[in-house]
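First up is the structure itself, then whatever we jot down about it.
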Amino acid sequence: MSVIQRLRTAVRRTYRRTVDLSHPARSPLGSAVVNCVVYVDGVRRTAPGTAVGAEEALRYVRRSGDGFVWIGLHEPAEKELTVLAELFGLHPLAVEDAVHAHQRPKVEEYDGVLFAVLKTVRYVEHEELTATSEVVDTGELMAFVGPDFVVTIRHGGHGSLGPLREALEAVPEQLAKGPSAVLHAVADHVVDDYLAVTDAVQTDLDAIENAVFSDQADRGDAGRIYQLKRELLELRRAVTPLSRPLTELATRPMPLVDPEIRAYFRDVTDHLSRVTEQVASYDTLLDSVLQAHLAQVTVAQNEDMRKITAWAAIVAVPTMVCGVYGMNFEHMPELRWTYGYPVVLGVIAVACYVIHRGFRRNGWL
């Protein structure tokens, strides 16, 4: 690994998010509930780490007629999510998708509640890309957005919303715009991770490109190229389907999306377009690198065949001469001549030298 690649890896590790509110020490509400907070005018109404039940929080918001509840869960069980579904009036089809995960990115509306599915991605650090290296790890993030509540559900070991919640709480005027502001922040958070992952993947792509076009090119590079293409395909499956849902959130008026927030969604859509273009260009470049690698392998094989052919032609001379004199005929030229043997050896050596020099001059040896 080059010095530049090592520096890039060190920088990524330095700025990696380390806060994860799914840790039991910061999840007093149960194994799946990460946090349950009431926000009024963008300000948290419960102290961090204080346990508040979802029913109590929702009752407080609806009684006061102001603010909203944000509940975060990590891989909830079906029974636990069913209880919340009854409390918030979530549609059974959306609840089923949220429990079992493995959904395409989408935004749907059920009975006045928006249900959004986003794919989270994480770059898997590795010292060197191999034919079996995992490059991109994916998870899922769901969000139920109602008039006075947001329920976020995270699947996978990454994509924690803890830093995002803390960042939003630092900007109460944005959080005061309601649940749609949280949905925008979640989408922006996910797309920012896409950008970070694509930048990291470019390092692997540059390493493969340099290896293929270097003087020490390895014929086993095809496996590394194919593996990176597979990982890039997984990234594309997470990124590409999200374009249409974000466009709808940015352009189509929705009762649950504040008009001011639509402008923010347009900005997220622009960032996603950049990621989509990058992934497409990476895939195209990998195709070109693979074709170049296969062409190099073909050229190397042709060179090997030319060398084999040249040496076979050289060996054919002594084989032919020795084959003639190996015949059991009694009357053959120079059989009883004293200098016949060294002369024949000399002729063979000169002929082989001339042929070898001709092949060297033509680049076959």
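In the structure tokens, the first chain shown is A, the next is B, and so on; residue numbers restart at 1 for each chain, and ligands run from 1 in the order shown.
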
Residues at most 6 Å from stretch 124-139 of chain A, counting only C-alpha atoms, excluding those fewer than 6 positions away in the same chain, as a PDB file with C-alpha atoms, in the first residue's frame?
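Listed below is the output, out_11.pdb:
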```pdb
ATOM      1  CA  HIS A 155     -31.062  -2.532  10.937  1.00  0.00           C
ATOM      2  CA  GLY A 156     -27.378  -3.410  10.873  1.00  0.00           C
ATOM      3  CA  GLY A 223     -10.222 -11.604  -9.190  1.00  0.00           C
ATOM      4  CA  ARG A 224      -9.676  -8.298  -7.381  1.00  0.00           C
ATOM      5  CA  GLN A 227     -14.665  -8.483  -6.395  1.00  0.00           C
ATOM      6  CA  GLU A 231     -19.077  -4.574  -4.056  1.00  0.00           C
TER       7      GLU A 231
END
```

What parts of stretch 58-119 of chain A does DSSP call strand (DSSP E)? I'd like the answer as a PyMOL selection string. chain A and resi 68-74+106-110+113-119

Could you pull the residues within 8 Å of stretch 237-247 of chain A, counting only C-alpha atoms, minus those fewer than 5 positions along the same chain, as a list of chain:residue names?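 Result of the neighbour search: A:Arg104, A:Pro105, A:Lys106, A:Val107, A:Leu118, A:Lys119, A:Thr120, A:Val121, A:Thr138, A:Tyr194, A:Arg252, A:Phe265, A:Arg266, A:Val268, A:Thr269, A:Leu272, A:Ser273, A:Val275, A:Thr276.
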
From stretch 74-273 of chain A, collect each residue whose DSSP state is helix (DSSP H, G or I) and return the set as a PyMOL selection string. chain A and resi 78-88+92-100+162-169+172-175+179-212+221-251+259-273

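Distances here use only C-alpha atoms; by that measure, the residue among A:Val354, A:Ala77, A:Ala98, A:Leu90 closest to A:Val113 is A:Leu90.
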
Atom CA of A:Gly363 and atom CA of A:Val347 are how many Å apart? 24.4 Å

Residue nearest A:Thr198 among A:Lys307, A:Arg336, A:Arg154, A:His271 (counting only C-alpha atoms):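 Nearest candidate to A:Thr198 out of A:Lys307, A:Arg336, A:Arg154, A:His271: A:His271.
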
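Distance-wise, atom CA of A:Ile153 and atom CA of A:Ala85 end up 12.4 Å apart.
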